[in-house]
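Shown here: protein-v3.pdb, PDB, C-alpha atoms.
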ATOM      1  CA  MET A  25     -27.213  -2.111  62.713
ATOM      2  CA  SER A  26     -23.573  -2.488  61.953
ATOM      3  CA  THR A  27     -21.448   0.552  62.508
ATOM      4  CA  ARG A  28     -18.485  -0.933  60.734
ATOM      5  CA  TYR A  29     -17.402   1.065  57.754
ATOM      6  CA  GLU A  30     -17.757  -0.690  54.418
ATOM      7  CA  ARG A  31     -16.621   0.738  51.174
ATOM      8  CA  TYR A  32     -19.232   0.788  48.436
ATOM      9  CA  ARG A  33     -18.099  -1.846  46.003
ATOM     10  CA  PRO A  34     -20.515  -2.532  43.173
ATOM     11  CA  THR A  35     -19.764  -5.911  41.613
ATOM     12  CA  SER A  36     -20.673  -4.741  38.148
ATOM     13  CA  TYR A  37     -21.119  -1.436  36.438
ATOM     14  CA  HIS A  38     -24.232  -0.870  34.376
ATOM     15  CA  HIS A  39     -24.272   2.124  32.148
ATOM     16  CA  LYS A  40     -27.784   3.528  32.022
ATOM     17  CA  MET A  41     -28.797   3.879  28.436
ATOM     18  CA  SER A  42     -31.884   5.557  27.028
ATOM     19  CA  ILE A  43     -34.253   3.277  25.142
ATOM     20  CA  PHE A  44     -34.074   5.876  22.395
ATOM     21  CA  TRP A  45     -30.364   5.331  21.818
ATOM     22  CA  TRP A  46     -31.039   4.748  18.131
ATOM     23  CA  VAL A  47     -32.585   8.177  17.448
ATOM     24  CA  LYS A  48     -29.327  10.098  17.595
ATOM     25  CA  ARG A  49     -27.586   8.672  14.563
ATOM     26  CA  LYS A  50     -28.912   8.003  11.092
ATOM     27  CA  PRO A  51     -27.389   4.509  10.638
ATOM     28  CA  TYR A  52     -28.832   3.395  14.009
ATOM     29  CA  MET A  53     -32.188   4.861  13.049
ATOM     30  CA  LEU A  54     -32.187   3.062   9.693
ATOM     31  CA  PHE A  55     -31.235  -0.144  11.480
ATOM     32  CA  ILE A  56     -34.177   0.105  13.880
ATOM     33  CA  ILE A  57     -36.567   1.039  11.048
ATOM     34  CA  ARG A  58     -35.321  -2.013   9.127
ATOM     35  CA  GLU A  59     -35.984  -4.222  12.141
ATOM     36  CA  LEU A  60     -39.428  -2.677  12.648
ATOM     37  CA  THR A  61     -40.452  -3.449   9.052
ATOM     38  CA  SER A  62     -41.047  -6.957  10.396
ATOM     39  CA  ILE A  63     -44.128  -5.634  12.230
ATOM     40  CA  PHE A  64     -45.627  -4.620   8.891
ATOM     41  CA  VAL A  65     -44.702  -7.964   7.341
ATOM     42  CA  ALA A  66     -46.526  -9.705  10.200
ATOM     43  CA  ALA A  67     -49.467  -7.279   9.924
ATOM     44  CA  TYR A  68     -49.908  -8.235   6.298
ATOM     45  CA  ALA A  69     -49.670 -11.925   7.156
ATOM     46  CA  ILE A  70     -52.572 -11.359   9.581
ATOM     47  CA  ILE A  71     -54.545  -9.504   6.870
ATOM     48  CA  LEU A  72     -54.005 -12.555   4.633
ATOM     49  CA  ILE A  73     -55.375 -14.829   7.375
ATOM     50  CA  VAL A  74     -58.469 -12.604   7.697
ATOM     51  CA  LYS A  75     -58.978 -12.664   3.912
ATOM     52  CA  LEU A  76     -58.511 -16.417   3.761
ATOM     53  CA  ASN A  77     -61.127 -16.820   6.464
ATOM     54  CA  ALA A  78     -63.596 -14.567   4.617
ATOM     55  CA  LEU A  79     -63.008 -16.470   1.382
ATOM     56  CA  LYS A  80     -63.770 -19.714   3.194
ATOM     57  CA  GLN A  81     -66.953 -18.329   4.833
ATOM     58  CA  GLY A  82     -68.610 -17.677   1.496
ATOM     59  CA  ALA A  83     -69.390 -15.031  -1.127
ATOM     60  CA  GLU A  84     -71.384 -12.748   1.173
ATOM     61  CA  VAL A  85     -68.719 -12.515   3.867
ATOM     62  CA  TRP A  86     -66.082 -12.019   1.175
ATOM     63  CA  GLU A  87     -68.000  -9.164  -0.493
ATOM     64  CA  ALA A  88     -68.554  -7.500   2.889
ATOM     65  CA  LEU A  89     -64.818  -7.661   3.601
ATOM     66  CA  LEU A  90     -64.050  -6.159   0.191
ATOM     67  CA  VAL A  91     -66.356  -3.226   0.943
ATOM     68  CA  SER A  92     -64.752  -2.572   4.333
ATOM     69  CA  LEU A  93     -61.273  -2.814   2.788
ATOM     70  CA  SER A  94     -62.010  -0.283   0.060
ATOM     71  CA  GLY A  95     -62.475   2.777   2.270
ATOM     72  CA  PRO A  96     -59.906   5.575   2.604
ATOM     73  CA  PHE A  97     -58.761   4.292   6.013
ATOM     74  CA  SER A  98     -57.896   0.858   4.688
ATOM     75  CA  VAL A  99     -56.155   2.249   1.608
ATOM     76  CA  THR A 100     -54.088   4.605   3.796
ATOM     77  CA  VAL A 101     -53.095   1.703   6.061
ATOM     78  CA  HIS A 102     -52.085  -0.344   3.020
ATOM     79  CA  ILE A 103     -50.007   2.522   1.615
ATOM     80  CA  VAL A 104     -48.101   2.729   4.924
ATOM     81  CA  VAL A 105     -47.657  -1.068   4.952
ATOM     82  CA  PHE A 106     -46.478  -0.892   1.329
ATOM     83  CA  ILE A 107     -43.771   1.696   2.132
ATOM     84  CA  PHE A 108     -42.417  -0.409   4.998
ATOM     85  CA  VAL A 109     -42.464  -3.719   3.117
ATOM     86  CA  LEU A 110     -40.680  -2.018   0.193
ATOM     87  CA  PHE A 111     -38.019  -0.891   2.665
ATOM     88  CA  HIS A 112     -37.826  -4.480   3.906
ATOM     89  CA  SER A 113     -37.412  -5.895   0.385
ATOM     90  CA  ILE A 114     -34.744  -3.398  -0.634
ATOM     91  CA  THR A 115     -32.673  -3.783   2.540
ATOM     92  CA  TRP A 116     -33.119  -7.578   2.446
ATOM     93  CA  PHE A 117     -31.839  -7.948  -1.119
ATOM     94  CA  LYS A 118     -28.974  -5.540  -0.458
ATOM     95  CA  LEU A 119     -27.864  -7.780   2.415
ATOM     96  CA  ALA A 120     -28.172 -10.969   0.351
ATOM     97  CA  PRO A 121     -24.418 -11.194  -0.483
ATOM     98  CA  THR A 122     -23.603 -11.083   3.247
ATOM     99  CA  ALA A 123     -25.893 -14.024   3.941
ATOM    100  CA  MET A 124     -24.890 -16.159   0.999
ATOM    101  CA  VAL A 125     -21.601 -16.573  -0.770
ATOM    102  CA  VAL A 126     -21.987 -18.031  -4.243
ATOM    103  CA  LYS A 127     -19.006 -19.585  -5.931
ATOM    104  CA  ILE A 128     -18.470 -20.867  -9.424
ATOM    105  CA  GLY A 129     -15.500 -23.187  -9.238
ATOM    106  CA  LYS A 130     -13.106 -21.254  -7.057
ATOM    107  CA  LYS A 131     -14.267 -17.843  -8.116
ATOM    108  CA  LYS A 132     -16.511 -15.897  -5.780
ATOM    109  CA  ILE A 133     -19.439 -14.188  -7.487
ATOM    110  CA  PRO A 134     -19.314 -10.440  -6.696
ATOM    111  CA  GLY A 135     -21.939  -9.161  -4.260
ATOM    112  CA  SER A 136     -23.267  -6.637  -6.759
ATOM    113  CA  ILE A 137     -24.273  -9.467  -9.121
ATOM    114  CA  ILE A 138     -26.092 -11.350  -6.352
ATOM    115  CA  ILE A 139     -27.971  -8.140  -5.483
ATOM    116  CA  ALA A 140     -28.838  -7.522  -9.141
ATOM    117  CA  VAL A 141     -30.113 -11.107  -9.587
ATOM    118  CA  ASN A 142     -32.271 -10.734  -6.469
ATOM    119  CA  PHE A 143     -33.784  -7.482  -7.741
ATOM    120  CA  MET A 144     -34.475  -9.021 -11.154
ATOM    121  CA  MET A 145     -36.123 -12.045  -9.558
ATOM    122  CA  TRP A 146     -38.214  -9.693  -7.437
ATOM    123  CA  ILE A 147     -39.504  -7.932 -10.564
ATOM    124  CA  LEU A 148     -40.137 -11.224 -12.397
ATOM    125  CA  LEU A 149     -41.974 -12.854  -9.477
ATOM    126  CA  SER A 150     -44.081  -9.737  -8.876
ATOM    127  CA  GLY A 151     -44.895  -9.689 -12.593
ATOM    128  CA  GLY A 152     -45.895 -13.341 -12.345
ATOM    129  CA  ILE A 153     -48.361 -12.603  -9.530
ATOM    130  CA  VAL A 154     -49.858  -9.685 -11.508
ATOM    131  CA  TRP A 155     -50.202 -11.951 -14.558
ATOM    132  CA  ILE A 156     -51.976 -14.700 -12.595
ATOM    133  CA  LEU A 157     -54.434 -12.252 -11.024
ATOM    134  CA  LEU A 158     -55.225 -10.263 -14.158
ATOM    135  CA  GLN A 159     -56.072 -13.237 -16.344
TER     136      GLN A 159
ATOM    137  CA  MET B 190     -21.278 -10.788  24.793
ATOM    138  CA  GLN B 191     -24.240 -12.657  23.399
ATOM    139  CA  LYS B 192     -24.624 -16.206  24.611
ATOM    140  CA  LYS B 193     -25.079 -18.653  21.797
ATOM    141  CA  ARG B 194     -28.208 -20.716  22.052
ATOM    142  CA  SER B 195     -28.213 -24.167  20.591
ATOM    143  CA  ASN B 196     -31.602 -23.706  18.910
ATOM    144  CA  ASP B 197     -30.749 -20.379  17.303
ATOM    145  CA  PRO B 198     -29.799 -21.760  13.857
ATOM    146  CA  PHE B 199     -33.290 -23.260  13.650
ATOM    147  CA  TRP B 200     -35.036 -19.923  14.342
ATOM    148  CA  TRP B 201     -32.566 -18.122  12.113
ATOM    149  CA  THR B 202     -33.379 -20.436   9.190
ATOM    150  CA  LEU B 203     -37.102 -19.683   9.574
ATOM    151  CA  PHE B 204     -36.249 -15.969   9.886
ATOM    152  CA  GLY B 205     -34.165 -16.106   6.703
ATOM    153  CA  ALA B 206     -36.738 -18.060   4.709
ATOM    154  CA  GLY B 207     -39.500 -15.710   5.889
ATOM    155  CA  GLY B 208     -37.456 -12.620   5.096
ATOM    156  CA  THR B 209     -36.846 -13.877   1.570
ATOM    157  CA  ILE B 210     -40.379 -15.007   0.700
ATOM    158  CA  SER B 211     -41.910 -11.833   2.191
ATOM    159  CA  ALA B 212     -39.400  -9.589   0.394
ATOM    160  CA  PHE B 213     -40.251 -11.198  -2.944
ATOM    161  CA  PHE B 214     -44.032 -11.425  -2.641
ATOM    162  CA  ILE B 215     -45.606  -9.128  -0.033
ATOM    163  CA  PRO B 216     -45.102  -5.767  -1.817
ATOM    164  CA  VAL B 217     -46.951  -6.910  -4.946
ATOM    165  CA  HIS B 218     -49.787  -8.360  -2.830
ATOM    166  CA  VAL B 219     -50.192  -5.118  -0.874
ATOM    167  CA  LEU B 220     -50.052  -3.044  -4.053
ATOM    168  CA  LEU B 221     -52.626  -5.171  -5.914
ATOM    169  CA  PHE B 222     -55.125  -6.126  -3.207
ATOM    170  CA  GLY B 223     -54.624  -3.259  -0.771
ATOM    171  CA  ILE B 224     -54.225  -0.275  -3.115
ATOM    172  CA  ALA B 225     -54.833  -0.933  -6.840
ATOM    173  CA  MET B 226     -58.083  -2.916  -6.491
ATOM    174  CA  PRO B 227     -59.776  -0.687  -3.851
ATOM    175  CA  LEU B 228     -58.893   2.407  -5.904
ATOM    176  CA  GLY B 229     -60.315   0.799  -9.035
ATOM    177  CA  TRP B 230     -57.052   0.804 -11.036
ATOM    178  CA  ILE B 231     -57.635  -2.862 -11.795
ATOM    179  CA  SER B 232     -60.764  -4.977 -11.481
ATOM    180  CA  VAL B 233     -61.232  -7.356  -8.560
ATOM    181  CA  PRO B 234     -61.384 -11.030  -9.620
ATOM    182  CA  ASP B 235     -64.815 -12.444  -8.719
ATOM    183  CA  TYR B 236     -65.391 -14.686  -5.724
ATOM    184  CA  GLU B 237     -65.554 -17.987  -7.622
ATOM    185  CA  THR B 238     -62.303 -17.302  -9.483
ATOM    186  CA  LEU B 239     -60.453 -16.410  -6.283
ATOM    187  CA  LEU B 240     -61.869 -19.411  -4.418
ATOM    188  CA  GLN B 241     -60.782 -21.754  -7.200
ATOM    189  CA  LEU B 242     -57.362 -20.146  -7.226
ATOM    190  CA  ALA B 243     -57.087 -20.551  -3.434
ATOM    191  CA  GLN B 244     -58.042 -24.223  -3.712
ATOM    192  CA  HIS B 245     -55.288 -24.999  -6.176
ATOM    193  CA  PRO B 246     -52.586 -27.123  -4.456
ATOM    194  CA  VAL B 247     -49.764 -24.765  -5.512
ATOM    195  CA  THR B 248     -51.648 -21.728  -4.172
ATOM    196  CA  ARG B 249     -52.389 -23.534  -0.891
ATOM    197  CA  LEU B 250     -48.712 -24.292  -0.394
ATOM    198  CA  TYR B 251     -47.718 -20.774  -1.446
ATOM    199  CA  ILE B 252     -50.158 -18.984   0.886
ATOM    200  CA  PHE B 253     -49.272 -21.290   3.774
ATOM    201  CA  ALA B 254     -45.527 -20.713   3.317
ATOM    202  CA  LEU B 255     -45.982 -16.968   2.787
ATOM    203  CA  VAL B 256     -48.074 -16.440   5.925
ATOM    204  CA  SER B 257     -46.246 -18.838   8.240
ATOM    205  CA  LEU B 258     -42.691 -17.908   7.291
ATOM    206  CA  SER B 259     -43.522 -14.182   7.334
ATOM    207  CA  LEU B 260     -44.754 -14.609  10.923
ATOM    208  CA  PHE B 261     -41.586 -16.460  11.948
ATOM    209  CA  HIS B 262     -39.543 -13.752  10.250
ATOM    210  CA  TRP B 263     -41.314 -11.163  12.409
ATOM    211  CA  ALA B 264     -40.926 -13.293  15.528
ATOM    212  CA  HIS B 265     -37.150 -13.457  15.229
ATOM    213  CA  ARG B 266     -36.585  -9.827  14.283
ATOM    214  CA  PHE B 267     -39.032  -8.457  16.823
ATOM    215  CA  ARG B 268     -37.480 -10.595  19.551
ATOM    216  CA  TYR B 269     -34.061  -9.071  19.018
ATOM    217  CA  THR B 270     -35.468  -5.571  18.553
ATOM    218  CA  LEU B 271     -37.082  -5.853  21.987
ATOM    219  CA  TYR B 272     -33.824  -7.174  23.453
ATOM    220  CA  ASP B 273     -31.563  -4.520  21.949
ATOM    221  CA  GLY B 274     -33.852  -1.641  21.006
ATOM    222  CA  LEU B 275     -35.944  -1.488  24.148
ATOM    223  CA  MET B 276     -33.250  -3.293  26.177
ATOM    224  CA  LEU B 277     -35.619  -5.892  27.552
ATOM    225  CA  LYS B 278     -33.114  -8.720  27.673
ATOM    226  CA  HIS B 279     -34.206  -9.494  31.251
ATOM    227  CA  LEU B 280     -37.664 -10.452  29.955
ATOM    228  CA  GLU B 281     -36.061 -12.903  27.553
ATOM    229  CA  HIS B 282     -38.259 -15.901  28.299
ATOM    230  CA  TYR B 283     -41.557 -14.046  28.036
ATOM    231  CA  ILE B 284     -40.486 -12.390  24.801
ATOM    232  CA  PHE B 285     -39.324 -15.709  23.377
ATOM    233  CA  ILE B 286     -42.655 -17.393  24.144
ATOM    234  CA  PHE B 287     -44.713 -14.398  22.946
ATOM    235  CA  CYS B 288     -42.884 -14.074  19.614
ATOM    236  CA  TYR B 289     -42.551 -17.673  18.500
ATOM    237  CA  GLY B 290     -45.817 -18.648  20.198
ATOM    238  CA  SER B 291     -47.747 -16.057  18.161
ATOM    239  CA  ALA B 292     -46.036 -17.198  14.964
ATOM    240  CA  LEU B 293     -46.887 -20.813  15.761
ATOM    241  CA  ALA B 294     -50.526 -19.924  16.525
ATOM    242  CA  GLY B 295     -50.778 -18.063  13.199
ATOM    243  CA  THR B 296     -49.251 -21.038  11.417
ATOM    244  CA  VAL B 297     -51.791 -23.456  12.888
ATOM    245  CA  ILE B 298     -54.736 -21.163  12.032
ATOM    246  CA  THR B 299     -53.464 -20.716   8.460
ATOM    247  CA  GLY B 300     -52.898 -24.454   8.122
ATOM    248  CA  VAL B 301     -56.483 -25.227   9.167
ATOM    249  CA  LEU B 302     -57.938 -22.503   6.897
ATOM    250  CA  ILE B 303     -55.916 -23.513   3.862
ATOM    251  CA  TRP B 304     -56.702 -27.195   4.405
ATOM    252  CA  THR B 305     -60.470 -26.700   4.693
ATOM    253  CA  ILE B 306     -61.046 -23.860   2.227
TER     254      ILE B 306
END

Show this structure as C-alpha cells.
Amino acid sequence: MSTRYERYRPTSYHHKMSIFWWVKRKPYMLFIIRELTSIFVAAYAIILIVKLNALKQGAEVWEALLVSLSGPFSVTVHIVVFIFVLFHSITWFKLAPTAMVVKIGKKKIPGSIIIAVNFMMWILLSGGIVWILLQ
Amino acid sequence: MQKKRSNDPFWWTLFGAGGTISAFFIPVHVLLFGIAMPLGWISVPDYETLLQLAQHPVTRLYIFALVSLSLFHWAHRFRYTLYDGLMLKHLEHYIFIFCYGSALAGTVITGVLIWTI
C-alpha cells in the first residue's frame, strides 16, 4: 500500500441527474409525452398485425377476435390509444414547417399555411377511410 | 455533444415517413375499429368484404407501409427517449438492436401476412 499522498483528481465531472428530470417543467413533460406517443403508435401497429393474422386464418378466428375486442377493457384501451395518437398527430403536423421548407419561386410559404394544409389533408384522408369502410 | 452517426439519415427518413403516415391514418383506424364499431355506432363490415378489401393491391401496400413505417417511427423515437429520458446512453448498442430489430421483425411478419392473405 502506497503511503504517498495523492490528490483526488477526477478526470471528468458527471452531474448526477434524476431520470425524472422531465417532470419538473411543463415543456419538458410535454416533450416526453410526445416522444412516448410512439409507444401507442407501435401498439396499434401490433394490433393491426394481430387483426391481419385473424383475417387470414378465416371467418371463425376473425369473429372470435371481434368478440374479444368488443368488451369494455378493449374499448378502454383503444380510447387511451386514441388520445395518445391524436396528441401525436397534432404535435407532428404542428412541427411540419420545421421539417420541411416549401418555396414557390423565391418566396417561402409561411409555416401556418403548411400546418393548415396538413390538418386539412388529415381530415380529408380520415374522411376517405370512413367512406371506404362504410360503403 | 451528440456524435453524428453515418447511418442516422437513413433511420431518420424511416422515422419521418412513419410519423407522417401514422399521424394521418392511425387515429381514424382506432376510432372506427377500436371504438365506434365495438360500441355499435357503426356496423362492422362482414368478413368477406374485409377480406376482399385486404386482398386489394392498394390495401396491401397501404397496410404494409402503415404497419412497417409506424414501427420504425417508434423505434427511432423510443431509442432516443431511452437515451435522453432514462439516460441509458451507455446501453446504446443493445437499445439500437432492440428497437430497430423489433421494427424489422414486425415488418417481416406483416410482409408475409399481407403477401399470403

Please check the contacts: residues of chain B at most 8 Å away from chain A, using all atoms listed in the file, listed as a PDB file with C-alpha atoms, keeping the file's coordinate frame.
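out.pdb, written as the output of this step:
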ATOM      1  CA  GLY B 208     -37.456 -12.620   5.096  1.00  0.00           C
ATOM      2  CA  THR B 209     -36.846 -13.877   1.570  1.00  0.00           C
ATOM      3  CA  SER B 211     -41.910 -11.833   2.191  1.00  0.00           C
ATOM      4  CA  ALA B 212     -39.400  -9.589   0.394  1.00  0.00           C
ATOM      5  CA  PHE B 213     -40.251 -11.198  -2.944  1.00  0.00           C
ATOM      6  CA  PHE B 214     -44.032 -11.425  -2.641  1.00  0.00           C
ATOM      7  CA  ILE B 215     -45.606  -9.128  -0.033  1.00  0.00           C
ATOM      8  CA  PRO B 216     -45.102  -5.767  -1.817  1.00  0.00           C
ATOM      9  CA  VAL B 217     -46.951  -6.910  -4.946  1.00  0.00           C
ATOM     10  CA  VAL B 219     -50.192  -5.118  -0.874  1.00  0.00           C
ATOM     11  CA  LEU B 220     -50.052  -3.044  -4.053  1.00  0.00           C
ATOM     12  CA  LEU B 221     -52.626  -5.171  -5.914  1.00  0.00           C
ATOM     13  CA  GLY B 223     -54.624  -3.259  -0.771  1.00  0.00           C
ATOM     14  CA  ILE B 224     -54.225  -0.275  -3.115  1.00  0.00           C
ATOM     15  CA  PRO B 227     -59.776  -0.687  -3.851  1.00  0.00           C
ATOM     16  CA  LEU B 228     -58.893   2.407  -5.904  1.00  0.00           C
ATOM     17  CA  PRO B 234     -61.384 -11.030  -9.620  1.00  0.00           C
ATOM     18  CA  TYR B 236     -65.391 -14.686  -5.724  1.00  0.00           C
ATOM     19  CA  LEU B 240     -61.869 -19.411  -4.418  1.00  0.00           C
ATOM     20  CA  LEU B 255     -45.982 -16.968   2.787  1.00  0.00           C
ATOM     21  CA  VAL B 256     -48.074 -16.440   5.925  1.00  0.00           C
ATOM     22  CA  SER B 257     -46.246 -18.838   8.240  1.00  0.00           C
ATOM     23  CA  SER B 259     -43.522 -14.182   7.334  1.00  0.00           C
ATOM     24  CA  LEU B 260     -44.754 -14.609  10.923  1.00  0.00           C
ATOM     25  CA  HIS B 262     -39.543 -13.752  10.250  1.00  0.00           C
ATOM     26  CA  TRP B 263     -41.314 -11.163  12.409  1.00  0.00           C
ATOM     27  CA  ARG B 266     -36.585  -9.827  14.283  1.00  0.00           C
ATOM     28  CA  PHE B 267     -39.032  -8.457  16.823  1.00  0.00           C
ATOM     29  CA  THR B 270     -35.468  -5.571  18.553  1.00  0.00           C
ATOM     30  CA  GLY B 274     -33.852  -1.641  21.006  1.00  0.00           C
ATOM     31  CA  LEU B 275     -35.944  -1.488  24.148  1.00  0.00           C
ATOM     32  CA  MET B 276     -33.250  -3.293  26.177  1.00  0.00           C
ATOM     33  CA  GLY B 295     -50.778 -18.063  13.199  1.00  0.00           C
ATOM     34  CA  ILE B 298     -54.736 -21.163  12.032  1.00  0.00           C
ATOM     35  CA  THR B 299     -53.464 -20.716   8.460  1.00  0.00           C
ATOM     36  CA  LEU B 302     -57.938 -22.503   6.897  1.00  0.00           C
ATOM     37  CA  ILE B 303     -55.916 -23.513   3.862  1.00  0.00           C
ATOM     38  CA  THR B 305     -60.470 -26.700   4.693  1.00  0.00           C
ATOM     39  CA  ILE B 306     -61.046 -23.860   2.227  1.00  0.00           C
TER      40      ILE B 306
END

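Coordinates place atom CA of B:Asp197 at a distance of 19.9 Å from atom CA of B:Ile210.
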
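Reported to one decimal place, the separation of atom CA of B:Tyr272 from atom CA of A:Val47 is 16.5 Å.
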
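A straight line drawn from atom CA of B:Leu203 to atom CA of B:His265 is 8.4 Å long.
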
Output as AutoDock Vina command-line options the centre and edge lengths (Å, one decimal) of the box along x, y and z of the file that holds every listed atom of stretch 80-85 of chain A after adding 3 Å on each side.
--center_x -67.6 --center_y -16.1 --center_z 1.9 --size_x 13.6 --size_y 13.2 --size_z 12.0

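Among the candidates B:Tyr269, B:Phe261, B:Phe204, B:Trp304, the one nearest to B:Tyr289 when counting all atoms listed in the file is B:Phe261.
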